[in-house]
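Structure file data16.csv; described as CSV, C-alpha atoms and all ligand atoms.
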chain,number,residue,atom,x,y,z
V,1,MET,CA,75.3,123.1,87.1
V,2,ILE,CA,75.1,119.7,88.7
V,3,ASN,CA,71.9,119.0,90.6
V,4,PHE,CA,72.0,116.8,93.6
V,5,GLN,CA,69.8,116.2,96.7
V,6,TYR,CA,71.1,116.8,100.2
V,7,ALA,CA,70.0,115.1,103.4
V,8,ARG,CA,71.5,114.9,106.9
V,9,ALA,CA,71.7,111.6,108.7
V,10,SER,CA,70.4,111.6,112.3
V,11,ASP,CA,72.3,108.6,113.5
V,12,VAL,CA,74.3,105.6,112.2
V,13,ALA,CA,71.3,103.5,111.5
V,14,ASP,CA,69.6,106.3,109.7
V,15,ALA,CA,72.8,106.9,107.6
V,16,VAL,CA,72.8,103.2,106.6
V,17,ARG,CA,69.1,103.2,105.9
V,18,GLN,CA,69.4,106.3,103.7
V,19,ILE,CA,72.3,105.0,101.6
V,20,ALA,CA,70.7,101.6,101.1
V,21,ALA,CA,67.6,103.3,99.8
V,22,ALA,CA,69.5,105.5,97.3
V,23,PRO,CA,72.1,103.6,95.3
V,24,GLY,CA,73.4,106.8,93.6
V,25,ALA,CA,74.1,108.5,96.9
V,26,LYS,CA,77.4,109.3,98.7
V,27,PHE,CA,78.2,110.1,102.3
V,28,ILE,CA,79.9,113.4,102.8
V,29,ALA,CA,82.1,114.0,105.9
V,30,GLY,CA,84.7,116.9,105.6
V,31,GLY,CA,84.0,117.2,101.9
V,32,THR,CA,87.7,117.9,101.1
V,33,ASN,CA,87.9,115.3,98.4
V,34,LEU,CA,84.3,114.7,97.4
V,35,ILE,CA,83.5,118.3,96.7
V,36,ASP,CA,86.6,118.7,94.5
V,37,LEU,CA,85.6,115.6,92.6
V,38,MET,CA,82.1,116.9,92.1
V,39,ARG,CA,83.4,120.4,91.0
V,40,LYS,CA,85.6,118.7,88.4
V,41,ASP,CA,82.7,116.5,87.2
V,42,VAL,CA,84.6,113.3,88.1
V,43,MET,CA,81.9,112.1,90.4
V,44,ARG,CA,78.2,112.9,90.1
V,45,PRO,CA,76.4,111.6,93.2
V,46,GLU,CA,72.6,112.1,92.9
V,47,ARG,CA,72.3,112.6,96.7
V,48,LEU,CA,74.7,113.6,99.4
V,49,ILE,CA,74.1,112.2,102.9
V,50,ASP,CA,75.7,114.4,105.4
V,51,ILE,CA,77.3,112.4,108.2
V,52,SER,CA,79.3,115.2,109.7
V,53,ARG,CA,77.2,115.5,112.8
V,54,LEU,CA,77.0,111.8,113.7
V,55,PRO,CA,78.5,111.0,117.2
V,56,LEU,CA,81.6,109.3,115.8
V,57,LYS,CA,84.2,111.8,117.1
V,58,THR,CA,85.7,110.1,120.1
V,59,VAL,CA,89.0,108.3,120.7
V,60,GLU,CA,88.5,105.6,123.3
V,61,ASP,CA,90.4,102.7,124.9
V,62,THR,CA,89.3,99.3,123.9
V,63,ALA,CA,88.9,96.3,126.3
V,64,GLU,CA,91.9,94.7,124.5
V,65,GLY,CA,94.2,97.6,125.4
V,66,GLY,CA,94.0,99.3,122.0
V,67,LEU,CA,92.2,102.4,120.8
V,68,ARG,CA,88.9,102.9,118.9
V,69,ILE,CA,89.0,106.0,116.8
V,70,GLY,CA,85.6,107.4,115.6
V,71,ALA,CA,85.3,107.8,111.8
V,72,LEU,CA,84.6,111.5,112.2
V,73,VAL,CA,87.6,112.4,114.3
V,74,PRO,CA,89.2,115.2,112.3
V,75,ASN,CA,92.8,114.4,111.1
V,76,SER,CA,94.2,117.3,113.2
V,77,ASP,CA,92.5,116.2,116.4
V,78,LEU,CA,93.8,112.7,115.9
V,79,ALA,CA,97.4,113.7,115.1
V,80,TYR,CA,97.6,115.7,118.3
V,81,HIS,CA,95.5,113.5,120.6
V,82,PRO,CA,97.5,112.7,123.7
V,83,LEU,CA,96.8,108.9,123.5
V,84,ILE,CA,98.1,108.9,119.9
V,85,ALA,CA,101.1,111.0,120.8
V,86,GLN,CA,102.0,108.6,123.7
V,87,ARG,CA,101.1,105.2,122.3
V,88,TYR,CA,100.9,105.5,118.4
V,89,PRO,CA,103.3,108.4,117.4
V,90,LEU,CA,103.8,106.7,114.0
V,91,LEU,CA,100.2,107.5,113.2
V,92,GLY,CA,100.4,111.1,114.4
V,93,SER,CA,103.5,111.6,112.4
V,94,ALA,CA,102.0,110.2,109.2
V,95,ILE,CA,98.9,112.4,109.5
V,96,LEU,CA,101.0,115.5,110.0
V,97,ALA,CA,103.0,114.7,106.9
V,98,GLY,CA,99.8,115.1,104.8
V,99,ALA,CA,97.9,118.0,103.3
V,100,SER,CA,97.8,121.3,105.3
V,101,GLN,CA,96.7,122.3,108.7
V,102,GLN,CA,93.4,123.7,107.3
V,103,LEU,CA,92.7,120.6,105.3
V,104,ARG,CA,93.5,118.3,108.3
V,105,ASN,CA,91.1,120.4,110.4
V,106,MET,CA,88.3,119.5,108.0
V,107,ALA,CA,89.3,116.0,106.9
V,108,SER,CA,87.8,113.0,108.7
V,109,THR,CA,89.4,109.7,109.6
V,110,GLY,CA,86.9,107.7,107.5
V,111,GLY,CA,87.2,110.1,104.6
V,112,ASN,CA,91.0,109.8,104.6
V,113,LEU,CA,90.7,106.1,103.9
V,114,LEU,CA,88.3,106.7,101.0
V,115,GLN,CA,90.1,109.6,99.3
V,116,ARG,CA,90.6,108.9,95.6
V,117,THR,CA,93.8,108.7,93.6
V,118,ARG,CA,95.5,111.9,92.5
V,119,CYS,CA,96.3,110.5,89.0
V,120,ALA,CA,95.9,113.6,86.8
V,121,TYR,CA,94.0,111.6,84.1
V,122,PHE,CA,91.4,110.5,86.6
V,123,TYR,CA,90.6,114.2,87.2
V,124,ASP,CA,90.8,115.1,83.5
V,125,THR,CA,87.4,114.1,82.1
V,126,VAL,CA,88.4,114.3,78.5
V,127,THR,CA,91.0,111.6,78.7
V,128,PRO,CA,90.4,107.8,78.9
V,129,CYS,CA,90.6,106.4,82.5
V,130,ASN,CA,89.4,103.0,83.5
V,131,LYS,CA,88.9,104.1,87.1
V,132,ARG,CA,86.6,107.0,86.1
V,133,GLU,CA,85.0,105.2,83.2
V,134,PRO,CA,85.5,101.4,83.2
V,135,GLY,CA,86.6,100.1,79.8
V,136,SER,CA,87.8,103.4,78.4
V,137,GLY,CA,91.5,102.7,78.8
V,138,CYS,CA,94.4,103.9,80.9
V,139,SER,CA,96.0,107.2,79.8
V,140,ALA,CA,98.8,106.9,82.3
V,141,ILE,CA,100.4,103.7,81.1
V,142,ALA,CA,101.8,105.4,78.0
V,143,GLY,CA,101.4,108.9,79.4
V,144,HIS,CA,102.9,111.0,82.1
V,145,ASN,CA,103.4,108.5,84.9
V,146,ARG,CA,106.0,110.1,87.1
V,147,MET,CA,103.7,109.9,90.2
V,148,HIS,CA,102.4,106.4,89.5
V,149,ALA,CA,102.8,102.9,91.0
V,150,ILE,CA,105.7,100.5,90.8
V,151,LEU,CA,104.1,97.6,92.7
V,152,GLY,CA,100.9,95.7,92.2
V,153,THR,CA,100.0,97.4,88.9
V,154,SER,CA,97.7,95.9,86.3
V,155,GLU,CA,97.1,96.5,82.6
V,156,ALA,CA,94.0,98.4,83.5
V,157,CYS,CA,95.5,100.9,86.0
V,158,ILE,CA,98.8,102.1,87.6
V,159,ALA,CA,97.4,104.7,90.0
V,160,THR,CA,98.6,105.1,93.6
V,161,HIS,CA,96.6,105.6,96.8
V,162,PRO,CA,97.5,109.1,98.1
V,163,SER,CA,97.0,108.8,101.8
V,164,ASP,CA,99.7,109.2,104.4
V,165,MET,CA,97.6,108.2,107.4
V,166,CYS,CA,96.7,104.8,105.8
V,167,VAL,CA,100.4,103.8,105.4
V,168,ALA,CA,100.8,104.1,109.2
V,169,LEU,CA,97.5,102.3,109.8
V,170,ALA,CA,98.7,99.4,107.6
V,171,ALA,CA,101.9,99.1,109.5
V,172,LEU,CA,100.0,99.2,112.8
V,173,ASP,CA,97.7,96.4,111.8
V,174,ALA,CA,94.5,98.5,112.2
V,175,LYS,CA,91.0,97.2,111.6
V,176,VAL,CA,88.2,99.2,109.9
V,177,ARG,CA,84.8,98.8,111.6
V,178,VAL,CA,81.9,99.3,109.2
V,179,ALA,CA,78.1,99.3,109.6
V,180,GLY,CA,75.8,98.1,106.9
V,181,PRO,CA,72.2,96.9,106.5
V,182,SER,CA,73.0,93.6,108.1
V,183,GLY,CA,75.0,95.0,111.1
V,184,GLU,CA,78.6,95.8,111.9
V,185,ARG,CA,81.7,94.0,110.7
V,186,ALA,CA,85.5,94.5,111.0
V,187,ILE,CA,87.8,94.5,107.9
V,188,ALA,CA,91.5,94.0,108.5
V,189,PHE,CA,93.4,97.0,107.1
V,190,ALA,CA,95.4,94.8,104.7
V,191,ASP,CA,92.0,93.7,103.1
V,192,PHE,CA,90.4,97.1,103.0
V,193,HIS,CA,92.0,98.7,100.0
V,194,ARG,CA,92.3,96.8,96.7
V,195,LEU,CA,94.8,96.3,94.0
V,196,PRO,CA,93.5,97.5,90.6
V,197,GLY,CA,93.3,94.2,88.7
V,198,ASP,CA,90.7,94.5,86.0
V,199,THR,CA,88.3,96.5,88.3
V,200,PRO,CA,90.2,99.7,89.1
V,201,GLN,CA,86.9,101.5,89.6
V,202,ARG,CA,86.7,99.8,93.0
V,203,ASP,CA,89.3,101.2,95.4
V,204,THR,CA,88.2,99.3,98.5
V,205,ASN,CA,86.2,96.3,99.7
V,206,LEU,CA,83.7,98.5,101.4
V,207,ALA,CA,80.2,97.8,100.1
V,208,PRO,CA,78.3,100.8,98.6
V,209,ASP,CA,75.8,100.7,101.4
V,210,GLU,CA,78.3,100.5,104.3
V,211,LEU,CA,79.4,103.3,106.6
V,212,ILE,CA,82.9,103.4,108.2
V,213,VAL,CA,82.2,103.9,111.9
V,214,ALA,CA,85.6,103.5,113.5
V,215,ILE,CA,89.2,102.4,113.2
V,216,GLU,CA,90.6,100.1,115.8
V,217,LEU,CA,94.2,99.9,116.7
V,218,PRO,CA,95.7,96.9,118.6
V,219,ALA,CA,97.5,97.4,121.8
V,220,ARG,CA,101.0,97.5,120.3
V,221,GLY,CA,101.9,100.9,119.1
V,222,PHE,CA,105.7,100.7,118.6
V,223,ALA,CA,106.1,104.1,120.4
V,224,ALA,CA,109.8,103.7,121.1
V,225,ASN,CA,111.3,102.9,117.6
V,226,TYR,CA,109.3,104.3,114.7
V,227,SER,CA,109.6,106.8,111.8
V,228,TYR,CA,107.4,108.0,109.0
V,229,LEU,CA,109.4,109.5,106.1
V,230,LYS,CA,107.7,111.1,103.1
V,231,ILE,CA,109.6,112.0,100.0
V,232,ARG,CA,107.9,114.6,97.8
V,233,ASP,CA,108.6,117.3,95.3
V,234,ARG,CA,108.4,120.1,97.9
V,235,LEU,CA,108.6,119.9,101.6
V,236,SER,CA,105.0,120.7,102.3
V,237,TYR,CA,101.5,120.3,100.7
V,238,ALA,CA,102.5,117.7,98.2
V,239,PHE,CA,101.6,114.0,97.8
V,240,ALA,CA,104.2,111.4,98.3
V,241,LEU,CA,106.5,110.1,95.6
V,242,VAL,CA,107.4,107.5,98.1
V,243,SER,CA,106.7,107.3,101.8
V,244,VAL,CA,107.7,104.7,104.4
V,245,ALA,CA,106.3,103.8,107.8
V,246,ALA,CA,108.7,101.8,109.8
V,247,ALA,CA,108.4,100.4,113.3
V,248,LEU,CA,110.7,98.1,115.2
V,249,ASP,CA,110.7,96.1,118.4
V,250,LEU,CA,114.3,95.8,119.5
V,251,SER,CA,115.7,93.5,122.1
V,252,GLY,CA,119.3,92.6,123.0
V,253,GLY,CA,120.7,94.4,119.9
V,254,ARG,CA,118.4,92.4,117.6
V,255,ILE,CA,115.1,93.0,115.8
V,256,ARG,CA,112.3,91.1,117.6
V,257,GLU,CA,109.6,92.4,115.2
V,258,ALA,CA,109.5,94.8,112.3
V,259,ARG,CA,106.7,96.6,110.5
V,260,LEU,CA,107.2,98.1,107.1
V,261,ALA,CA,104.7,99.8,104.9
V,262,LEU,CA,105.1,102.1,101.8
V,263,GLY,CA,102.9,104.8,100.3
V,264,GLY,CA,103.0,106.4,96.9
V,265,VAL,CA,104.1,103.1,95.2
V,266,ALA,CA,100.9,101.1,94.8
V,267,HIS,CA,97.1,101.3,94.5
V,268,LYS,CA,96.9,100.5,98.2
V,269,PRO,CA,99.2,101.1,101.2
V,270,TRP,CA,101.9,98.5,100.5
V,271,ARG,CA,102.8,96.3,103.5
V,272,ASP,CA,105.2,93.4,102.9
V,273,ARG,CA,105.2,90.6,105.4
V,274,ALA,CA,108.2,88.9,103.7
V,275,ALA,CA,110.3,92.0,104.0
V,276,GLU,CA,109.3,92.2,107.7
V,277,ALA,CA,110.2,88.5,108.2
V,278,ALA,CA,113.6,89.2,106.6
V,279,LEU,CA,114.3,91.7,109.4
V,280,GLN,CA,113.2,89.4,112.3
V,281,GLY,CA,116.2,88.3,114.4
V,282,GLN,CA,118.7,90.4,112.5
V,283,GLU,CA,121.0,93.1,113.9
V,284,PRO,CA,119.6,96.5,112.9
V,285,GLY,CA,121.9,98.3,110.4
V,286,PRO,CA,122.4,99.1,106.7
V,287,ALA,CA,123.0,95.4,105.7
V,288,SER,CA,119.8,94.0,107.1
V,289,PHE,CA,117.8,97.1,106.1
V,290,GLY,CA,119.1,96.9,102.5
V,291,ARG,CA,118.2,93.1,102.3
V,292,ALA,CA,114.7,93.9,103.5
V,293,ALA,CA,114.3,96.6,100.9
V,294,ASP,CA,115.5,94.2,98.2
V,295,VAL,CA,112.8,91.7,99.3
V,296,LEU,CA,110.1,94.3,99.3
V,297,LEU,CA,111.1,95.7,95.9
V,298,HIS,CA,112.0,92.5,94.1
V,299,ALA,CA,108.9,92.7,91.9
V,300,ALA,CA,108.9,96.4,91.4
V,301,LYS,CA,108.4,97.6,87.8
V,302,GLY,CA,108.9,101.1,86.6
V,303,PHE,CA,107.2,102.9,83.6
V,304,ALA,CA,108.7,105.5,81.3
V,305,HIS,CA,108.8,108.3,83.9
V,306,ASN,CA,108.8,106.7,87.3
V,307,SER,CA,111.6,104.1,87.3
V,308,PHE,CA,113.5,106.4,89.6
V,309,LYS,CA,111.0,105.4,92.4
V,310,ILE,CA,112.5,102.0,92.7
V,311,ASP,CA,115.9,103.2,93.8
V,312,LEU,CA,114.3,106.1,95.8
V,313,ALA,CA,112.1,103.6,97.6
V,314,ARG,CA,115.1,101.4,98.4
V,315,ARG,CA,117.0,104.3,99.9
V,316,ALA,CA,113.9,105.6,101.7
V,317,ILE,CA,113.4,102.2,103.3
V,318,VAL,CA,116.9,102.0,104.6
V,319,ARG,CA,116.8,105.6,105.9
V,320,THR,CA,113.4,105.2,107.7
V,321,LEU,CA,114.5,101.9,109.3
V,322,THR,CA,117.7,103.6,110.5
V,323,GLN,CA,115.7,106.5,112.0
V,324,ALA,CA,113.4,104.0,113.7
V,325,ALA,CA,116.3,101.9,115.1
V,326,ASN,CA,118.1,105.0,116.4
V,327,ALA,CA,114.9,106.4,117.9
V,328,THR,CA,115.3,109.6,115.9
V,329,PRO,CA,112.0,109.7,113.9
V,330,GLN,CA,111.6,112.0,111.0
V,331,SER,CA,110.4,115.4,112.3
V,332,GLN,CA,107.2,116.6,110.6
V,333,SER,CA,107.6,120.2,111.6
V,334,ASP,CA,111.2,120.4,110.3
V,335,LYS,CA,110.7,118.2,107.3
V,336,ARG,CA,114.2,118.3,106.1
V,337,ILE,CA,115.8,114.8,105.8
V,338,ARG,CA,119.1,114.7,107.5
V,401,LIG,C1,95.0,120.1,98.3
V,401,LIG,C2,94.9,118.8,99.0
V,401,LIG,C3,96.1,118.1,99.5
V,401,LIG,C4,96.0,117.0,100.2
V,401,LIG,N1,97.2,116.4,100.6
V,401,LIG,C5,97.2,115.2,101.2
V,401,LIG,C6,98.3,114.5,101.6
V,401,LIG,O1,99.4,115.0,101.4
V,401,LIG,N2,98.2,113.3,102.3
V,401,LIG,C7,97.0,112.8,102.6
V,401,LIG,O2,96.9,111.7,103.2
V,401,LIG,N3,95.9,113.4,102.2
V,401,LIG,C8,95.9,114.5,101.5
V,401,LIG,N4,94.8,115.1,101.1
V,401,LIG,C9,93.5,114.4,101.2
V,401,LIG,C10,92.7,114.6,102.5
V,401,LIG,O3,93.4,114.0,103.5
V,401,LIG,C11,91.4,113.9,102.2
V,401,LIG,O4,90.7,114.7,101.2
V,401,LIG,C12,90.6,113.8,103.4
V,401,LIG,O5,91.2,113.0,104.4
V,401,LIG,C13,89.2,113.2,103.1
V,401,LIG,O6,88.4,113.3,104.3
V,401,LIG,P1,86.9,114.0,104.2
V,401,LIG,O7,86.3,113.8,105.5
V,401,LIG,O8,87.1,115.5,103.7
V,401,LIG,O9,86.3,113.2,103.1
V,401,LIG,P2,85.1,113.5,102.1
V,401,LIG,O10,85.6,114.4,101.0
V,401,LIG,O11,83.9,114.0,102.8
V,401,LIG,O12,84.7,112.1,101.6
V,401,LIG,C14,85.7,111.3,100.8
V,401,LIG,C15,85.0,110.0,100.4
V,401,LIG,O13,84.8,109.2,101.5
V,401,LIG,C16,83.4,108.9,101.7
V,401,LIG,N5,83.2,108.9,103.1
V,401,LIG,C17,83.6,109.8,104.0
V,401,LIG,N6,83.4,109.4,105.3
V,401,LIG,C18,82.8,108.1,105.2
V,401,LIG,C19,82.4,107.2,106.1
V,401,LIG,N7,82.5,107.4,107.5
V,401,LIG,N8,81.9,106.0,105.7
V,401,LIG,C20,81.8,105.7,104.4
V,401,LIG,N9,82.2,106.6,103.4
V,401,LIG,C21,82.7,107.8,103.8
V,401,LIG,C22,82.7,109.9,100.9
V,401,LIG,O14,81.4,109.4,100.4
V,401,LIG,C23,83.6,110.2,99.8
V,401,LIG,O15,83.5,109.2,98.8
V,401,LIG,C24,94.8,116.4,100.5
V,401,LIG,C25,93.6,117.0,100.0
V,401,LIG,C26,93.7,118.2,99.3
V,401,LIG,C27,92.4,118.8,98.9
V,402,LIG,S1,96.3,105.0,86.2
V,402,LIG,FE1,94.3,104.5,86.8
V,402,LIG,S2,93.4,106.4,87.5
V,402,LIG,FE2,95.2,106.9,86.2
V,402,LIG,S3,94.4,107.0,84.0
V,402,LIG,FE3,95.0,104.9,84.4
V,402,LIG,S4,93.1,103.9,85.0
V,402,LIG,FE4,92.8,106.1,85.3

Would you mind giving the structure from this file in structure tokens?
Ligand SMILES: Cc1cc2nc3c(=O)[nH]c(=O)nc-3n(C[C@H](O)[C@H](O)[C@H](O)COP(=O)(O)OP(=O)(O)OC[C@H]3O[C@@H](n4cnc5c(N)ncnc54)[C@H](O)[C@@H]3O)c2cc1C
Ligand code: SF4
Amino acid sequence: MINFQYARASDVADAVRQIAAAPGAKFIAGGTNLIDLMRKDVMRPERLIDISRLPLKTVEDTAEGGLRIGALVPNSDLAYHPLIAQRYPLLGSAILAGASQQLRNMASTGGNLLQRTRCAYFYDTVTPCNKREPGSGCSAIAGHNRMHAILGTSEACIATHPSDMCVALAALDAKVRVAGPSGERAIAFADFHRLPGDTPQRDTNLAPDELIVAIELPARGFAANYSYLKIRDRLSYAFALVSVAAALDLSGGRIREARLALGGVAHKPWRDRAAEAALQGQEPGPASFGRAADVLLHAAKGFAHNSFKIDLARRAIVRTLTQAANATPQSQSDKRIR
């Protein structure tokens, strides 16, 4: 049996105070990832600080015309929230592509950002894994690496970040608002998650004593031309082999602005500004979409079992951009790709 202490936080300041005072502690929100990791003995927090009753469950307009989403808004509530459906349907679609209805009811917005990789070796405590036990080695590099990364890998780790929601948040230029002992700060979404480098044990740039309090979305939601496409082994309840969030601003038959982010291919949601720039000013269509995919994937590198992801990603990018340009976004209730 694993012993741990349990405490409830009464407000944000109390949560930050408690975590700063107990370095071996972890916040718990919906518990859908942390409890699994504890059950499998992958993580052993000495103390759980329950934040699930903190007043961080609202979705509000910001003065800049965007939205502020509380860190404890459940994934289901967020996906179906009328302001998300109207103004940021890309985000709602990506959330509904993930997990199951029951899990989305429990899972929180903040917890989704901090869910850990699904690399099987990370969960298997008898195999070496640099993320679980720094310096022990990476079993995936010469092992079964079909689900693993093709971009931004290192010699220490080739894991992927499993979130769907985060791929849309990357494309939408979100900000993560966090509270710590010295106050609140905002982290640009692109800087929140990390590449593995030689410290794969660190998934994000959040400090251990910081609490995510909200996600902020800018005013532009690309509600007219967007799509989230998730390619997986079965149509539901599976993590992405490759996923694509695409959003376009079209004017006069040309692309005024493009957003393109991928999931299932890297240690973080992979947004590529060069690929987006390659689309700017172009006519939407297979030729420009294929060129953008080539830019995005030029440095992709496969391993023994996942090289198929490079071609899969290329075709998924072209398909998702086509859906976005035609204003026929991928349905998340009928997930068949047509
Ligand atoms: C079977 C299964 C299938 C799944 N499929 C998918 C999928 O297809 N796509 C997908 O995107 N996700 C999927 N998920 C993951 C699910 O979305 C996450 O488990 C969930 O979003 C985590 O949220 P939570 O509130 O339960 O986090 P918790 O488990 O409570 O916490 C996760 C981590 O975040 C930390 N934390 C939580 N909130 C905060 C905060 N506000 N500030 C600082 N730290 C915090 C905790 O300390 C912990 O380390 C799946 C999960 C399961 C179990
Ligand atoms: S890919 Fe990363 S998480 Fe998986 S075994 Fe290697 S070090 Fe561990």

Contact table chain V vs ligand LIG 401 (chain V), cut-off 7 Å, shortest pair per residue, all atoms listed in the file, as a Markdown table:
| residue | atom | partner | partner_atom | distance |
| --- | --- | --- | --- | --- |
| V:Lys26 | CA | V:LIG401 | O14 | 4.3 |
| V:Phe27 | CA | V:LIG401 | O14 | 3.8 |
| V:Ile28 | CA | V:LIG401 | O11 | 4.0 |
| V:Ala29 | CA | V:LIG401 | O11 | 3.6 |
| V:Gly30 | CA | V:LIG401 | O8 | 3.4 |
| V:Gly31 | CA | V:LIG401 | O11 | 3.3 |
| V:Thr32 | CA | V:LIG401 | O8 | 3.6 |
| V:Asn33 | CA | V:LIG401 | O10 | 3.6 |
| V:Leu34 | CA | V:LIG401 | O10 | 3.8 |
| V:Ile35 | CA | V:LIG401 | O10 | 6.2 |
| V:Ala71 | CA | V:LIG401 | N7 | 5.1 |
| V:Leu72 | CA | V:LIG401 | N7 | 6.6 |
| V:Ile95 | CA | V:LIG401 | O2 | 6.6 |
| V:Ala97 | CA | V:LIG401 | O1 | 6.6 |
| V:Gly98 | CA | V:LIG401 | O1 | 3.4 |
| V:Ala99 | CA | V:LIG401 | N1 | 3.2 |
| V:Ser100 | CA | V:LIG401 | N1 | 6.8 |
| V:Leu103 | CA | V:LIG401 | C25 | 6.5 |
| V:Arg104 | CA | V:LIG401 | O3 | 6.4 |
| V:Met106 | CA | V:LIG401 | O8 | 6.0 |
| V:Ala107 | CA | V:LIG401 | O6 | 3.9 |
| V:Ser108 | CA | V:LIG401 | O7 | 3.6 |
| V:Thr109 | CA | V:LIG401 | O5 | 6.4 |
| V:Gly110 | CA | V:LIG401 | N7 | 4.4 |
| V:Gly111 | CA | V:LIG401 | O6 | 3.4 |
| V:Asn112 | CA | V:LIG401 | O5 | 3.2 |
| V:Leu113 | CA | V:LIG401 | O5 | 6.9 |
| V:Leu114 | CA | V:LIG401 | O13 | 4.3 |
| V:Gln115 | CA | V:LIG401 | C14 | 4.9 |
| V:Pro162 | CA | V:LIG401 | O2 | 5.8 |
| V:Ser163 | CA | V:LIG401 | O2 | 3.2 |
| V:Asp164 | CA | V:LIG401 | O2 | 3.9 |
| V:Met165 | CA | V:LIG401 | O2 | 5.5 |
| V:Glu210 | CA | V:LIG401 | C20 | 6.3 |
| V:Leu211 | CA | V:LIG401 | N8 | 3.8 |
| V:Ile212 | CA | V:LIG401 | N8 | 3.7 |
| V:Val213 | CA | V:LIG401 | N7 | 5.6 |
| V:Tyr237 | CA | V:LIG401 | O1 | 5.7 |
| V:Ala238 | CA | V:LIG401 | O1 | 5.2 |
| V:Phe239 | CA | V:LIG401 | O1 | 4.3 |
| V:Ala240 | CA | V:LIG401 | O1 | 6.8 |

Report as a list in words all protein, DNA and RNA residues lying within 8 Å of Cys138 (chain V), evaluated on all atoms listed in the file, omitting residues in the same chain fewer than 3 positions from it.
Pro128, Cys129, Asn130, Ile141, Ala156 and Cys157 of chain V

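CA of Glu64 (chain V) is found 10.3 Å from CA of Glu216 (chain V).
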
What residues of the protein or nucleic acid chains come within 10 Å of ligand LIG 402 (chain V) when you use all atoms listed in the file? Reply as number ranges by chain.
V: 116-124, 127-145, 147-149, 153-161, 196, 198-201, 267

Would you list the contacts of Gly65 (chain V) as a ChimeraX atom specification, taking every protein, DNA or RNA residue within 12 Å and counting all atoms listed in the file, but skipping same-chain residues closer than 2 positions in sequence?
/V:60-63,67-68,83,87,216-221

Could you write out that same residue set with C-alpha atoms as an mmCIF file, keeping the file's coordinate frame?
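Written out: out05.cif:
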data_model
loop_
_atom_site.group_PDB
_atom_site.id
_atom_site.type_symbol
_atom_site.label_atom_id
_atom_site.label_comp_id
_atom_site.auth_asym_id
_atom_site.auth_seq_id
_atom_site.Cartn_x
_atom_site.Cartn_y
_atom_site.Cartn_z
ATOM 1 C CA GLU V 60 88.500 105.600 123.300
ATOM 2 C CA ASP V 61 90.400 102.700 124.900
ATOM 3 C CA THR V 62 89.300 99.300 123.900
ATOM 4 C CA ALA V 63 88.900 96.300 126.300
ATOM 5 C CA LEU V 67 92.200 102.400 120.800
ATOM 6 C CA ARG V 68 88.900 102.900 118.900
ATOM 7 C CA LEU V 83 96.800 108.900 123.500
ATOM 8 C CA ARG V 87 101.100 105.200 122.300
ATOM 9 C CA GLU V 216 90.600 100.100 115.800
ATOM 10 C CA LEU V 217 94.200 99.900 116.700
ATOM 11 C CA PRO V 218 95.700 96.900 118.600
ATOM 12 C CA ALA V 219 97.500 97.400 121.800
ATOM 13 C CA ARG V 220 101.000 97.500 120.300
ATOM 14 C CA GLY V 221 101.900 100.900 119.100
#

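Considering the residues V:Arg53, V:His298, V:Lys309, V:Arg47 and counting all atoms listed in the file, Ala20 (chain V) has its shortest atom-to-atom contact with V:Arg47.
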
Pick from V:Val167, V:Ile215, V:Ile187, V:Ala25: nearest to Asp272 (chain V), with only C-alpha atoms counted?
V:Val167

Contacts of region 222-225 of chain V at 12 Å (all atoms listed in the file; same-chain gap of 3+ positions) as a PyMOL selection string
chain V and resi 83-93+168+171-173+217-219+228+245-251+255-260+284+320-330

With C-alpha atoms retained, could you export that selection as a compact mmCIF listing (two decimals), keeping the file's coordinate frame?
# COMPACT_ATOMS: atom_id res chain seq x y z
CA LEU V 83 96.80 108.90 123.50
CA ILE V 84 98.10 108.90 119.90
CA ALA V 85 101.10 111.00 120.80
CA GLN V 86 102.00 108.60 123.70
CA ARG V 87 101.10 105.20 122.30
CA TYR V 88 100.90 105.50 118.40
CA PRO V 89 103.30 108.40 117.40
CA LEU V 90 103.80 106.70 114.00
CA LEU V 91 100.20 107.50 113.20
CA GLY V 92 100.40 111.10 114.40
CA SER V 93 103.50 111.60 112.40
CA ALA V 168 100.80 104.10 109.20
CA ALA V 171 101.90 99.10 109.50
CA LEU V 172 100.00 99.20 112.80
CA ASP V 173 97.70 96.40 111.80
CA LEU V 217 94.20 99.90 116.70
CA PRO V 218 95.70 96.90 118.60
CA ALA V 219 97.50 97.40 121.80
CA TYR V 228 107.40 108.00 109.00
CA ALA V 245 106.30 103.80 107.80
CA ALA V 246 108.70 101.80 109.80
CA ALA V 247 108.40 100.40 113.30
CA LEU V 248 110.70 98.10 115.20
CA ASP V 249 110.70 96.10 118.40
CA LEU V 250 114.30 95.80 119.50
CA SER V 251 115.70 93.50 122.10
CA ILE V 255 115.10 93.00 115.80
CA ARG V 256 112.30 91.10 117.60
CA GLU V 257 109.60 92.40 115.20
CA ALA V 258 109.50 94.80 112.30
CA ARG V 259 106.70 96.60 110.50
CA LEU V 260 107.20 98.10 107.10
CA PRO V 284 119.60 96.50 112.90
CA THR V 320 113.40 105.20 107.70
CA LEU V 321 114.50 101.90 109.30
CA THR V 322 117.70 103.60 110.50
CA GLN V 323 115.70 106.50 112.00
CA ALA V 324 113.40 104.00 113.70
CA ALA V 325 116.30 101.90 115.10
CA ASN V 326 118.10 105.00 116.40
CA ALA V 327 114.90 106.40 117.90
CA THR V 328 115.30 109.60 115.90
CA PRO V 329 112.00 109.70 113.90
CA GLN V 330 111.60 112.00 111.00

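Counting only C-alpha atoms, the residue from V:His81, V:Arg8, V:Arg338, V:Arg146 that sits nearest to Ser307 (chain V) is V:Arg146.
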
Output of region 192-196 of chain V limited to C-alpha atoms, as a short mmCIF file (atom, residue, chain, number, x, y, z; two decimals), in the first residue's frame:
data_model
loop_
_atom_site.label_atom_id
_atom_site.label_comp_id
_atom_site.auth_asym_id
_atom_site.auth_seq_id
_atom_site.Cartn_x
_atom_site.Cartn_y
_atom_site.Cartn_z
CA PHE V 192 4.30 25.87 -21.64
CA HIS V 193 5.21 22.32 -22.72
CA ARG V 194 8.85 21.34 -23.26
CA LEU V 195 10.77 19.21 -25.71
CA PRO V 196 12.55 16.31 -23.97
#
